[in-house]
Every structure is written in C-alpha cells, then in structure tokens.
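Asks: Following this message is one structure expressed as structure tokens.
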Amino acid sequence: MTTVQWYPQWPAAPERHLCTDCGVSRTDHPKRCATACQFIQPDYPQMEQAVHGVSRQPEGNELYFGPHQAMWQAAMHSPAQGAQWTGVTTRLAEKLLETDQVDAVIAMAPHPDDAWRPMPVLVTKAQDMAQCRGMRMGYAPLISLVEPALQQGYKRLAVIGIPCQIYALRALQPQLEREQGLQKLLVIGTPCSDNTTTDNFHQFLARLTPTPEDVTYLEFRADYKVELRTRQGAVREIPFLSLPLADLPPDFFPLTCRTCVDYSNVLSDITVGYMAGRGEQWLLVRNARGQAMLDMLQGELMLKPVTTAGQRHGPVAGFLKNVELAAGGLPLRRMPNWLRPIVSWFMPRVGPRGLEFAKARLEMKAVEAVLHLRREEPARMKHMLPAHVWALVKPYGLSPQQGETPSD
Ligand SMILES: Cc1cc2nc3c(=O)[nH]c(=O)nc-3n(C[C@H](O)[C@H](O)[C@H](O)COP(=O)(O)OP(=O)(O)OC[C@H]3O[C@@H](n4cnc5c(N)ncnc54)[C@H](O)[C@@H]3O)c2cc1C
Ligand code: SF4
Ligand code: SF4
C-alpha cells in the first residue's frame, strides 16, 4: 500500500480575491479564510507570540527575519539527489518519520503530469520523502490535507510550507488542537518570494531557453545569478541583469506575491532558505522545537556562523526607483547592454553578500508591498501591512500616508 496520499481531483478553488489557494477555502469550513488569511487582516505580533512565546524585537536582525534563537550557514555533508540546495528541508522531515516523532508529513511533490506544478502530499514513510525534494513553481492547497490527515488518525504532524500557507496553518492550529485532536505540530518553513502560477512560470522558462521542456532545476542564487540545469546534465548560469524580467507582463507576478509581507516564514519552527548562506543554505532556528529538529541532524550537517559584506542601501534605493517607475506605468531605467556584463561581474564581488544580501531582499520586498498596495489596493494597506514593514522602508523615505495604518 502506498504511503503517499494525494488528491488529484480537487474541485476548482472557490473564487477569492488576493488568494494563493493555500487550501483553507477548500475545507469544510471555508469561511475561516476571514481570520486565517495573511492577505485579509494578519496579526503577526500576536501570532509570533502564540507560536514562539515572544514577538520579534523591533530592532536588529529580528526586525528583518522575525523571532529566532540562532542563525546558521549550513550544508548537508552529503547533498541529497534532487534537492533544491542540499536537502536539509526534506531530511528534517525524513528524520522525524524515521524516529517516530510524527505520524505523517504534509509537503509538496511534483505533479505527475508536470514536474514544475506543486502537488500536496501526505507522507507516512521516511523513504517516501525523497520524492518531495526540489522547488516547484506555483500554488497548491497544502493546508487542505491537514484535516483529512487528522481524520485518518495522524495526530502528530509535520508540515513543510511557504509563508502564506504557514500563516493559515498557524491561525487554524488552536481550533485543530481543540476540536480535531491535533496533538503535535512541527513546522519546517522555507522563505518564499516571486512565486507565480505554474503556467506563468512555463512562459518565463520559454523566454530563457529554446528548450524549456529540458529544464529540471532553476534557482535565483545569492550571487546574482539564476542557475538552470537540464535533464541532459548541462548547467547554465544567467546573471540577474540579463534576465528578460522587464519584458514580462505587469501581472506576471500576482499581487499576492508582490505584496506578501512574510518573506522568511516567521511562524515556522525552523526556516530553511539560502539568502544569507553565501552559496550554501541558511537556517533560522526560531524556537525550542526548531532546535530539537536541528539537533537530529548532528553529524550529517555542516554549520557555520553567518557572515556579512557589502552595503545594501544603494541597490535597495535603486530598486525602489524602478518599482516606482513600473508601478506608475513608466519605462524602467534600463542599463545599457554594454554595462551589464561589467556590473554582473562586480555585483557578486562588491554587492551586498551574506546577511547584508538577505536584509536587502527583505527591504526590497517591503518596498514592493507598500508601493504595489498603494497603487492597486490602497484600502487594504492598513490591515495588510504590519508595523515592521514600515520600519524596513523608512530609511528609503517611505512612510505611511493618511489611512494606511490601523490607527487611522
Ligand atoms: C516559490 C518559492 C520561492 C522561493 N524563494 C526563496 C527565496 O527567495 N529565498 C530563499 O532563501 N529561499 C527561497 N525558497 C526556498 C528554497 O528554494 C529552498 O526550497 C530551500 O532553500 C530549501 O532547500 P532544500 O535543499 O533544503 O530543500 P529540499 O530538501 O529540496 O525540499 C524542498 C521542499 O520545498 C517544498 N516545496 C517545493 N515547492 C513548493 C511550493 N511551490 N510550495 C510549497 N512548498 C514547496 C517541498 O515540500 C520540499 O519538501 C523558495 C521556495 C519556493 C517554493
Ligand atoms: S486563507 Fe488561503 S484559501 Fe483562504 S483566501 Fe487566504 S490564501 Fe486563499
Ligand atoms: S511570495 Fe508570498 S504570497 Fe506568494 S507564494 Fe510566496 S509566500 Fe505566498
């Protein structure tokens, strides 16, 4: 009997404005979206308090990345085949199943018809976690598997997810514990940014290569390059500046992903990303549950302190200028073609690196959230933007206008 369950015949998701189909709208009680959704009226300070026992410090690294006890540059000693980086994420879940600390893991696997399309699965055997490795582009209703899992008697769960899914999961957690017998929940989160529909992503791939069907791997790396791998074993690196991003239609990235305020997955127990990893992985241990999970990988995982270099202010200010121009429908300030290879050579050497790169990305994301909401959904700003977002954009001259904060 298979130990992986998935539900290929989902009905279409109910229509929701600003929705990444996290799965709540497909449950028996879809009205819970009103309180579970990060795009309606999120309350990060209260949720951080509920999950970690503390909310973020208003300064220092926590202002950017949310509550955490430790931060590491990391890599598995033996990188896992098919993993996005070295496979820390799926190895953590594998280990939880191997050591019987959870009954099941809910994660994403590739859809059998399209390997780039995420497909939520319920995994009960450690060896089946391997098929979840790698990044998919798009949205799929991860959280809709939680209640079926509980109904089948899997009361100790681990969930791997991106921030908008984990916000909803944490919002439902008290009710799941109270009414559906959830006994244990461990959350392994990844950061997330610039997601789009799987169909849009296929169009993007087709602009990068004449043979998009051969591409099996893509990553936006912290050294300002996109890495592509093909099924024939070829590896191609494309500097960010050479990407055809400016030619994409304005709605290529849905408004959700242009205005999402939780890049680093602050409600997970442990976040596994790459941004401050200097070419390796980047771990944020957020609480004692996260530390206990990390301890399971002792001997398998290399850990180093994170480092930082470069200055982010100039690149973030330049980014803000371009977002303002794009949001106003004006042409972007494009770099002359002859300058691109020179800047592409310099950026990995002198641009923000390590922690400075991660902070730059967080600030850019905050800038995007403010400017795109101001243009497209101004009435939502006071509910959708937590105070820390305003603190991140302040050094760049952005501050709340009348009606943009809850106190108005
Ligand atoms: C759309 C997207 C954007 C991302 N952007 C960033 C970023 O800007 N900065 C950063 O540091 N990290 C980002 N990540 C995370 C990063 O790509 C790696 O997944 C992470 O570093 C873990 O690497 P790993 O080798 O440990 O993962 P693996 O062991 O290969 O496991 C990857 C896990 O990701 C999950 N997953 C894959 N695709 C999806 C999806 N579409 N939705 C939900 N879960 C999924 C799977 O369940 C799987 O268990 C992003 C991930 C996604 C899905
Ligand atoms: S909670 Fe999930 S399903 Fe509901 S509106 Fe938000 S993203 Fe969509
Ligand atoms: S960018 Fe934000 S809203 Fe979009 S899929 Fe990722 S976490 Fe969800």
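All residue names refer to the structure tokens as shown: chains lettered A, B, ... in order, residues numbered from 1 in each chain, ligands numbered from 1 in order.
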Which residues of chain A have any atom within 9 Å of an atom in ligand 3 when counting only C-alpha atoms and all ligand atoms, and what is the closest pair of atoms for each, with the distance in Å to one decimal? Order the rows by chain and rising number and write it as a tab-separated table.
Replies:
```
residue	atom	partner	partner_atom_place_in_ligand_line	distance
A:Leu18	CA	ligand 3	3 (S)	8.8
A:Cys19	CA	ligand 3	3 (S)	7.9
A:Thr20	CA	ligand 3	8 (Fe)	6.2
A:Cys22	CA	ligand 3	8 (Fe)	8.2
A:Gln38	CA	ligand 3	3 (S)	8.3
A:Phe39	CA	ligand 3	3 (S)	8.3
A:Met137	CA	ligand 3	5 (S)	8.8
A:Gly138	CA	ligand 3	5 (S)	7.2
A:Tyr139	CA	ligand 3	5 (S)	6.5
A:Gly161	CA	ligand 3	7 (S)	8.8
A:Ile162	CA	ligand 3	7 (S)	5.2
A:Pro163	CA	ligand 3	7 (S)	4.3
A:Cys164	CA	ligand 3	8 (Fe)	4.3
A:Gln165	CA	ligand 3	8 (Fe)	6.9
A:Ile166	CA	ligand 3	7 (S)	8.6
A:Thr190	CA	ligand 3	7 (S)	8.9
A:Pro191	CA	ligand 3	7 (S)	7.2
A:Cys192	CA	ligand 3	6 (Fe)	4.3
A:Ser193	CA	ligand 3	1 (S)	3.8
A:Asp194	CA	ligand 3	1 (S)	5.0
A:Asn195	CA	ligand 3	5 (S)	5.0
A:Thr196	CA	ligand 3	4 (Fe)	7.0
A:Phe253	CA	ligand 3	4 (Fe)	8.4
A:Pro254	CA	ligand 3	4 (Fe)	7.7
A:Leu255	CA	ligand 3	3 (S)	8.3
A:Thr256	CA	ligand 3	3 (S)	4.8
A:Cys257	CA	ligand 3	4 (Fe)	3.5
A:Arg258	CA	ligand 3	1 (S)	6.8
A:Thr259	CA	ligand 3	3 (S)	7.3
A:Cys260	CA	ligand 3	2 (Fe)	4.5
A:Val261	CA	ligand 3	2 (Fe)	7.1
A:Asp262	CA	ligand 3	2 (Fe)	6.6
A:Tyr263	CA	ligand 3	7 (S)	6.4
A:Ser264	CA	ligand 3	7 (S)	8.6
A:Asn265	CA	ligand 3	7 (S)	7.7
```
Asks: Show me, as a Markdown table, the residues of chain A having an atom within 7 Å of ligand 1, each with the closest atom pair and its distance in Å, using only C-alpha atoms and all ligand atoms.
Replies:
```
| residue | atom | partner | partner_atom_place_in_ligand_line | distance |
| --- | --- | --- | --- | --- |
| A:Gly82 | CA | ligand 1 | 30 (O) | 6.6 |
| A:Ala83 | CA | ligand 1 | 30 (O) | 3.4 |
| A:Gln84 | CA | ligand 1 | 30 (O) | 3.8 |
| A:Trp85 | CA | ligand 1 | 25 (O) | 3.4 |
| A:Thr86 | CA | ligand 1 | 25 (O) | 4.2 |
| A:Gly87 | CA | ligand 1 | 29 (O) | 3.2 |
| A:Val88 | CA | ligand 1 | 26 (O) | 3.8 |
| A:Thr89 | CA | ligand 1 | 26 (O) | 3.8 |
| A:Thr90 | CA | ligand 1 | 29 (O) | 4.0 |
| A:Arg91 | CA | ligand 1 | 29 (O) | 6.4 |
| A:Ala107 | CA | ligand 1 | 47 (O) | 3.9 |
| A:Met108 | CA | ligand 1 | 47 (O) | 3.7 |
| A:Ala109 | CA | ligand 1 | 47 (O) | 6.2 |
| A:Pro118 | CA | ligand 1 | 41 (N) | 5.1 |
| A:Cys132 | CA | ligand 1 | 49 (O) | 4.9 |
| A:Arg133 | CA | ligand 1 | 30 (O) | 3.7 |
| A:Gly134 | CA | ligand 1 | 30 (O) | 3.6 |
| A:Met135 | CA | ligand 1 | 37 (C) | 3.8 |
| A:Arg136 | CA | ligand 1 | 38 (N) | 3.8 |
| A:Met137 | CA | ligand 1 | 41 (N) | 4.6 |
| A:Gly138 | CA | ligand 1 | 41 (N) | 4.9 |
| A:Tyr139 | CA | ligand 1 | 41 (N) | 5.7 |
| A:Ala140 | CA | ligand 1 | 42 (N) | 6.8 |
| A:Ile160 | CA | ligand 1 | 47 (O) | 5.3 |
| A:Gly161 | CA | ligand 1 | 44 (N) | 4.6 |
| A:Ile162 | CA | ligand 1 | 43 (C) | 5.0 |
| A:Thr190 | CA | ligand 1 | 15 (C) | 4.8 |
| A:Pro191 | CA | ligand 1 | 12 (N) | 4.5 |
| A:Cys192 | CA | ligand 1 | 5 (N) | 3.7 |
| A:Ser193 | CA | ligand 1 | 5 (N) | 4.5 |
| A:Asp194 | CA | ligand 1 | 3 (C) | 6.3 |
| A:Asn195 | CA | ligand 1 | 1 (C) | 4.5 |
| A:Glu219 | CA | ligand 1 | 17 (O) | 6.8 |
| A:Val272 | CA | ligand 1 | 21 (O) | 5.3 |
| A:Gly273 | CA | ligand 1 | 21 (O) | 3.4 |
| A:Tyr274 | CA | ligand 1 | 11 (O) | 3.8 |
| A:Met275 | CA | ligand 1 | 11 (O) | 4.2 |
| A:Gln281 | CA | ligand 1 | 21 (O) | 6.2 |
```
Asks: Take the residues just selected and output them with C-alpha atoms as a PDB file, in the first residue's frame.
Replies:
```
ATOM      1  CA  GLY A  82      17.182  16.078  -6.486  1.00  0.00           C
ATOM      2  CA  ALA A  83      17.233  18.586  -3.613  1.00  0.00           C
ATOM      3  CA  GLN A  84      16.878  22.291  -4.286  1.00  0.00           C
ATOM      4  CA  TRP A  85      20.066  23.039  -2.311  1.00  0.00           C
ATOM      5  CA  THR A  86      21.490  20.229  -0.205  1.00  0.00           C
ATOM      6  CA  GLY A  87      18.181  18.844   1.039  1.00  0.00           C
ATOM      7  CA  VAL A  88      18.091  19.991   4.682  1.00  0.00           C
ATOM      8  CA  THR A  89      14.338  20.554   4.426  1.00  0.00           C
ATOM      9  CA  THR A  90      13.292  17.079   3.384  1.00  0.00           C
ATOM     10  CA  ARG A  91      15.975  15.424   5.521  1.00  0.00           C
ATOM     11  CA  ALA A 107       4.629  18.575   1.869  1.00  0.00           C
ATOM     12  CA  MET A 108       4.735  19.259  -1.875  1.00  0.00           C
ATOM     13  CA  ALA A 109       5.723  16.758  -4.536  1.00  0.00           C
ATOM     14  CA  PRO A 118       3.356  21.552  -6.853  1.00  0.00           C
ATOM     15  CA  CYS A 132       9.269  15.850  -2.312  1.00  0.00           C
ATOM     16  CA  ARG A 133      12.742  17.268  -2.922  1.00  0.00           C
ATOM     17  CA  GLY A 134      13.204  20.315  -5.130  1.00  0.00           C
ATOM     18  CA  MET A 135      11.343  23.567  -5.714  1.00  0.00           C
ATOM     19  CA  ARG A 136       8.087  23.710  -7.688  1.00  0.00           C
ATOM     20  CA  MET A 137       6.727  26.967  -9.003  1.00  0.00           C
ATOM     21  CA  GLY A 138       3.097  27.745  -8.315  1.00  0.00           C
ATOM     22  CA  TYR A 139       0.373  27.327  -5.741  1.00  0.00           C
ATOM     23  CA  ALA A 140      -1.347  24.232  -4.411  1.00  0.00           C
ATOM     24  CA  ILE A 160       6.674  21.813   5.136  1.00  0.00           C
ATOM     25  CA  GLY A 161       5.385  25.000   3.590  1.00  0.00           C
ATOM     26  CA  ILE A 162       5.866  28.533   2.307  1.00  0.00           C
ATOM     27  CA  THR A 190      11.119  27.842   3.544  1.00  0.00           C
ATOM     28  CA  PRO A 191      11.338  31.507   2.603  1.00  0.00           C
ATOM     29  CA  CYS A 192       9.372  32.450  -0.493  1.00  0.00           C
ATOM     30  CA  SER A 193       9.330  35.308  -2.930  1.00  0.00           C
ATOM     31  CA  ASP A 194       8.340  35.981  -6.532  1.00  0.00           C
ATOM     32  CA  ASN A 195       6.106  32.970  -6.890  1.00  0.00           C
ATOM     33  CA  GLU A 219      17.245  28.826  -8.667  1.00  0.00           C
ATOM     34  CA  VAL A 272      15.471  26.641   5.707  1.00  0.00           C
ATOM     35  CA  GLY A 273      16.484  29.028   2.926  1.00  0.00           C
ATOM     36  CA  TYR A 274      19.617  30.272   1.214  1.00  0.00           C
ATOM     37  CA  MET A 275      19.634  34.052   1.293  1.00  0.00           C
ATOM     38  CA  GLN A 281      21.919  27.074   2.933  1.00  0.00           C
TER      39      GLN A 281
END
```
Asks: Which residues of stretch 145-204 of chain A come within 12 Å of stretch 50-57 of chain A, and what is each one's closest atom pair and distance in Å (one decimal), counting only C-alpha atoms, sorted by chain and residue number, as a Markdown table?
Replies:
```
| residue | atom | partner | partner_atom | distance |
| --- | --- | --- | --- | --- |
| A:Ile166 | CA | A:Val51 | CA | 11.3 |
| A:Tyr167 | CA | A:Val51 | CA | 10.6 |
| A:Leu169 | CA | A:Val51 | CA | 11.2 |
| A:Arg170 | CA | A:Val51 | CA | 7.7 |
| A:Ala171 | CA | A:Ala50 | CA | 9.7 |
| A:Leu172 | CA | A:Val51 | CA | 12.0 |
| A:Gln173 | CA | A:Val51 | CA | 9.7 |
| A:Pro174 | CA | A:Ala50 | CA | 9.7 |
| A:Leu185 | CA | A:Val51 | CA | 10.7 |
| A:Leu186 | CA | A:Val51 | CA | 10.8 |
| A:Val187 | CA | A:Val51 | CA | 10.4 |
```
Asks: Grab the residues selected above and save them as a short mmCIF file (atom, residue, chain, number, x, y, z; two decimals), in the first residue's frame with C-alpha atoms.
Replies:
```cif
data_model
loop_
_atom_site.label_atom_id
_atom_site.label_comp_id
_atom_site.auth_asym_id
_atom_site.auth_seq_id
_atom_site.Cartn_x
_atom_site.Cartn_y
_atom_site.Cartn_z
CA ILE A 166 2.12 28.50 7.25
CA TYR A 167 0.31 31.67 8.35
CA LEU A 169 -1.93 26.74 9.33
CA ARG A 170 -0.88 28.56 12.50
CA ALA A 171 -4.14 30.50 12.52
CA LEU A 172 -6.09 27.22 12.42
CA GLN A 173 -3.83 25.43 14.92
CA PRO A 174 -5.77 26.24 18.15
CA LEU A 185 2.62 20.13 15.00
CA LEU A 186 6.16 20.74 13.75
CA VAL A 187 6.63 23.31 11.02
#
```
Asks: I'd like a table as a Markdown table: residues in chain A with an atom no more than 6 Å from ligand 2, each row giving the shortest atom pair and its distance in Å to one decimal, only C-alpha atoms and all ligand atoms counted, sorted by chain and rising residue number.
Replies:
```
| residue | atom | partner | partner_atom_place_in_ligand_line | distance |
| --- | --- | --- | --- | --- |
| A:Arg16 | CA | ligand 2 | 5 (S) | 5.5 |
| A:Cys19 | CA | ligand 2 | 8 (Fe) | 3.7 |
| A:Thr20 | CA | ligand 2 | 7 (S) | 4.4 |
| A:Asp21 | CA | ligand 2 | 3 (S) | 4.3 |
| A:Cys22 | CA | ligand 2 | 2 (Fe) | 4.0 |
| A:Gly23 | CA | ligand 2 | 3 (S) | 4.9 |
| A:Val24 | CA | ligand 2 | 3 (S) | 4.4 |
| A:Ser25 | CA | ligand 2 | 3 (S) | 4.2 |
| A:Cys33 | CA | ligand 2 | 4 (Fe) | 4.0 |
| A:Ala36 | CA | ligand 2 | 1 (S) | 5.1 |
| A:Cys37 | CA | ligand 2 | 1 (S) | 3.7 |
| A:Ala168 | CA | ligand 2 | 1 (S) | 5.7 |
```
Asks: Pull the closest atom pair for each residue of stretch 239-286 of chain A that gets at most 9 Å from stretch 201-214 of chain A, along with the distance in Å to one decimal, counting only C-alpha atoms, ordering rows by chain and then ascending residue number, as a Markdown table.
Replies:
```
| residue | atom | partner | partner_atom | distance |
| --- | --- | --- | --- | --- |
| A:Leu243 | CA | A:Leu208 | CA | 7.6 |
| A:Pro244 | CA | A:Arg207 | CA | 7.1 |
| A:Leu245 | CA | A:Phe204 | CA | 8.6 |
| A:Leu248 | CA | A:Phe204 | CA | 8.0 |
| A:Phe252 | CA | A:Phe201 | CA | 8.7 |
```
Asks: Find the residue from A:Ala80, A:Leu241, A:Leu182, A:Met129 that sits nearest to A:Ala149; use only C-alpha atoms when measuring.
Replies: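 Closest to A:Ala149 of all the choices is A:Leu182.
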Asks: So that I can check the surroundings of stretch 92-96 of chain A, please list as JSON, numbers by chain every protein, DNA and RNA residue that reaches within 7 Å of it, counting only C-alpha atoms and ignoring chain neighbours fewer than 4 positions away.
Replies: {"A": [88, 100, 101, 102, 105, 126, 129, 293]}
Asks: Based on DSSP run over this structure's backbone, return all residues of stretch 194-403 of chain A in alpha helix (DSSP H), as a PDB file with C-alpha atoms, in the first residue's frame.
Replies:
```pdb
ATOM      1  CA  THR A 198       2.845  27.305 -12.846  1.00  0.00           C
ATOM      2  CA  ASP A 199       1.503  28.354 -16.264  1.00  0.00           C
ATOM      3  CA  ASN A 200       3.166  31.773 -15.988  1.00  0.00           C
ATOM      4  CA  PHE A 201       6.381  30.089 -14.922  1.00  0.00           C
ATOM      5  CA  HIS A 202       6.378  27.957 -18.075  1.00  0.00           C
ATOM      6  CA  GLN A 203       6.155  31.162 -20.130  1.00  0.00           C
ATOM      7  CA  PHE A 204       9.144  32.568 -18.240  1.00  0.00           C
ATOM      8  CA  LEU A 205      11.181  29.406 -18.886  1.00  0.00           C
ATOM      9  CA  ALA A 206      10.357  29.663 -22.581  1.00  0.00           C
ATOM     10  CA  ARG A 207      11.967  33.134 -22.631  1.00  0.00           C
ATOM     11  CA  LEU A 208      15.167  31.781 -21.073  1.00  0.00           C
ATOM     12  CA  LEU A 255      -0.495  40.958  -6.428  1.00  0.00           C
ATOM     13  CA  THR A 256      -0.330  38.441  -3.550  1.00  0.00           C
ATOM     14  CA  CYS A 257       3.330  37.717  -4.237  1.00  0.00           C
ATOM     15  CA  ARG A 258       4.203  41.353  -4.884  1.00  0.00           C
ATOM     16  CA  THR A 259       2.730  42.397  -1.542  1.00  0.00           C
ATOM     17  CA  ALA A 288      12.997  25.023  21.044  1.00  0.00           C
ATOM     18  CA  ARG A 289      11.071  22.772  18.623  1.00  0.00           C
ATOM     19  CA  GLY A 290      13.231  24.078  15.766  1.00  0.00           C
ATOM     20  CA  GLN A 291      16.410  23.494  17.779  1.00  0.00           C
ATOM     21  CA  ALA A 292      15.342  19.930  18.621  1.00  0.00           C
ATOM     22  CA  MET A 293      14.786  19.252  14.910  1.00  0.00           C
ATOM     23  CA  LEU A 294      18.184  20.688  14.028  1.00  0.00           C
ATOM     24  CA  ASP A 295      19.833  18.542  16.721  1.00  0.00           C
ATOM     25  CA  HIS A 313      21.437  50.944   0.735  1.00  0.00           C
ATOM     26  CA  GLY A 314      22.349  51.868  -2.865  1.00  0.00           C
ATOM     27  CA  PRO A 315      20.912  48.712  -4.524  1.00  0.00           C
ATOM     28  CA  VAL A 316      17.698  48.915  -2.465  1.00  0.00           C
ATOM     29  CA  ALA A 317      17.244  52.635  -3.272  1.00  0.00           C
ATOM     30  CA  GLY A 318      17.773  51.840  -6.991  1.00  0.00           C
ATOM     31  CA  PHE A 319      15.231  49.037  -6.746  1.00  0.00           C
ATOM     32  CA  LEU A 320      12.700  51.402  -5.155  1.00  0.00           C
ATOM     33  CA  LYS A 321      13.141  53.856  -8.033  1.00  0.00           C
ATOM     34  CA  ASN A 322      12.423  51.132 -10.572  1.00  0.00           C
ATOM     35  CA  VAL A 323       9.359  49.842  -8.688  1.00  0.00           C
ATOM     36  CA  GLU A 324       8.016  53.419  -8.558  1.00  0.00           C
ATOM     37  CA  LEU A 325       8.512  53.814 -12.311  1.00  0.00           C
ATOM     38  CA  ALA A 326       6.971  50.420 -13.092  1.00  0.00           C
ATOM     39  CA  ALA A 327       4.018  50.993 -10.741  1.00  0.00           C
ATOM     40  CA  ARG A 340      25.523  44.702 -17.969  1.00  0.00           C
ATOM     41  CA  PRO A 341      28.409  42.188 -18.086  1.00  0.00           C
ATOM     42  CA  ILE A 342      30.627  44.609 -16.142  1.00  0.00           C
ATOM     43  CA  VAL A 343      28.050  45.167 -13.387  1.00  0.00           C
ATOM     44  CA  SER A 344      27.223  41.437 -13.390  1.00  0.00           C
ATOM     45  CA  TRP A 345      30.902  40.730 -12.741  1.00  0.00           C
ATOM     46  CA  PHE A 346      31.127  43.290  -9.930  1.00  0.00           C
ATOM     47  CA  MET A 347      27.875  42.543  -8.042  1.00  0.00           C
ATOM     48  CA  PRO A 348      28.864  39.137  -6.571  1.00  0.00           C
ATOM     49  CA  ARG A 349      32.203  40.660  -5.544  1.00  0.00           C
ATOM     50  CA  VAL A 350      31.194  44.045  -4.126  1.00  0.00           C
ATOM     51  CA  LEU A 355      23.359  38.784   5.934  1.00  0.00           C
ATOM     52  CA  GLU A 356      23.523  42.076   4.033  1.00  0.00           C
ATOM     53  CA  PHE A 357      22.061  40.365   0.940  1.00  0.00           C
ATOM     54  CA  ALA A 358      19.241  38.824   2.992  1.00  0.00           C
ATOM     55  CA  LYS A 359      18.425  42.219   4.535  1.00  0.00           C
ATOM     56  CA  ALA A 360      18.486  43.855   1.103  1.00  0.00           C
ATOM     57  CA  ARG A 361      15.952  41.292  -0.174  1.00  0.00           C
ATOM     58  CA  LEU A 362      13.690  41.819   2.856  1.00  0.00           C
ATOM     59  CA  GLU A 363      13.787  45.591   2.341  1.00  0.00           C
ATOM     60  CA  MET A 364      13.078  45.228  -1.386  1.00  0.00           C
ATOM     61  CA  LYS A 365      10.098  43.032  -0.627  1.00  0.00           C
ATOM     62  CA  ALA A 366       8.788  45.581   1.894  1.00  0.00           C
ATOM     63  CA  VAL A 367       9.205  48.379  -0.680  1.00  0.00           C
ATOM     64  CA  GLU A 368       7.254  46.343  -3.238  1.00  0.00           C
ATOM     65  CA  ALA A 369       4.462  45.614  -0.751  1.00  0.00           C
ATOM     66  CA  VAL A 370       3.990  49.309   0.070  1.00  0.00           C
ATOM     67  CA  LEU A 371       4.169  50.627  -3.490  1.00  0.00           C
ATOM     68  CA  HIS A 372       2.048  47.949  -5.166  1.00  0.00           C
ATOM     69  CA  LEU A 373      -0.675  48.041  -2.499  1.00  0.00           C
ATOM     70  CA  ARG A 374      -0.703  51.844  -2.582  1.00  0.00           C
ATOM     71  CA  ARG A 375      -1.327  51.696  -6.305  1.00  0.00           C
ATOM     72  CA  GLU A 376      -3.669  48.717  -6.572  1.00  0.00           C
ATOM     73  CA  MET A 381      -2.896  48.777   3.448  1.00  0.00           C
ATOM     74  CA  LYS A 382      -3.972  49.485   6.987  1.00  0.00           C
ATOM     75  CA  HIS A 383      -4.885  45.841   7.546  1.00  0.00           C
ATOM     76  CA  MET A 384      -2.223  44.060   5.487  1.00  0.00           C
ATOM     77  CA  ALA A 387       4.453  47.835  11.656  1.00  0.00           C
ATOM     78  CA  HIS A 388       7.762  46.107  10.888  1.00  0.00           C
ATOM     79  CA  VAL A 389       7.234  46.647   7.148  1.00  0.00           C
ATOM     80  CA  TRP A 390       7.024  50.407   7.697  1.00  0.00           C
ATOM     81  CA  ALA A 391      10.224  50.239   9.773  1.00  0.00           C
ATOM     82  CA  LEU A 392      12.029  48.433   6.912  1.00  0.00           C
ATOM     83  CA  VAL A 393      11.107  51.029   4.287  1.00  0.00           C
TER      84      VAL A 393
END
```
Asks: Go through A:Trp72, A:Tyr44, A:Tyr64, A:Tyr396 one by one, measure the shortest atom-to-atom distance of each to A:Leu283 using only C-alpha atoms, and give the residue with the smallest value.
Replies: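 Among the listed residues, A:Trp72 lies closest to A:Leu283.
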Asks: Taking only C-alpha atoms into account, name the residue in A:Leu176, A:Ala70, A:Ile238, A:Ala104 that is nearest to A:Asn287.
Replies: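 Residue with the minimum atom-to-atom distance to A:Asn287: A:Ala70.
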Asks: How far is it from atom CA of A:Ala276 to atom CA of A:Arg353, in Å with one decimal?
Replies: 7.2 Å
Asks: Would you list the contacts of A:Gln183 as number ranges by chain, taking every protein, DNA or RNA residue within 8 Å and counting only C-alpha atoms, but skipping same-chain residues closer than 3 positions in sequence?
Replies: A: 155-156, 177
Asks: Write a file of the just-selected residues containing C-alpha atoms, as a PDB file, in the first residue's frame.
Replies:
```pdb
ATOM      1  CA  LYS A 155      -2.494  13.305  15.129  1.00  0.00           C
ATOM      2  CA  ARG A 156       1.228  14.192  15.225  1.00  0.00           C
ATOM      3  CA  GLU A 177      -5.984  21.108  18.703  1.00  0.00           C
TER       4      GLU A 177
END
```
Asks: Which residue out of A:Pro42, A:Gly153, A:Pro11, A:Gly403 has the minimum interatomic distance to A:Asp103 when only C-alpha atoms are used?
Replies: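 Under the stated criterion, the closest residue is A:Gly153.
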Asks: Using the chain letters and numbers from this document, which residues of stretch 113-222 of chain A does DSSP assign to strand (DSSP E), as number ranges by chain?
Replies: A: 114-123, 156-161, 184-189, 215-220
